[in-house]
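> Okay, handing you the structure first.
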Amino acid sequence: MASTAAEKGKAPADTEETAPAIAARLAAEWTTWAMKNAKVVAHYGFIPLVILVGMNSEPKPRLAQLLSPI
């Protein structure tokens, strides 16, 4: 059986990461997390943003005019 130190995603116990290596790994993880969440926010926030900006413009368009591609 595999020991607990050699589990999936875990580094072996005898290797220690240096502070810069830990910082680089954490920065990469947080960057990936931020980009995934930014993608979700942009995806679900685009249409409401278009409606909000369109409804605050002059002349005031109807909702159907904002949502139609023409």
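Chain labels run A, B, ... following the order of the structure tokens; each chain numbers its residues from 1, and ligands are numbered from 1 in the order shown.
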Pick out the residues sitting within 9 Å of range 38-51 of chain A, and hand them over as a PyMOL selection string; count only C-alpha atoms, and ignore anything fewer than 3 positions along from it in its own chain.

chain A and resi 33-35+54-56+63+66-67

> Using Å and a single decimal, report how far CA of Ser68 in chain A sits from CA of Leu52 in chain A.

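Between CA of Leu52 in chain A and CA of Ser68 in chain A the gap works out to 15.0 Å.
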
> Just give me the gap between CA of Gln65 in chain A and CA of Val53 in chain A in Å, one decimal is fine.

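These two atoms are separated by 13.0 Å.
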
> Enter the distance from CA of Thr32 in chain A to CA of Ala19 in chain A, in Å, rounded to one decimal.

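Interatomic distance here is 20.0 Å.
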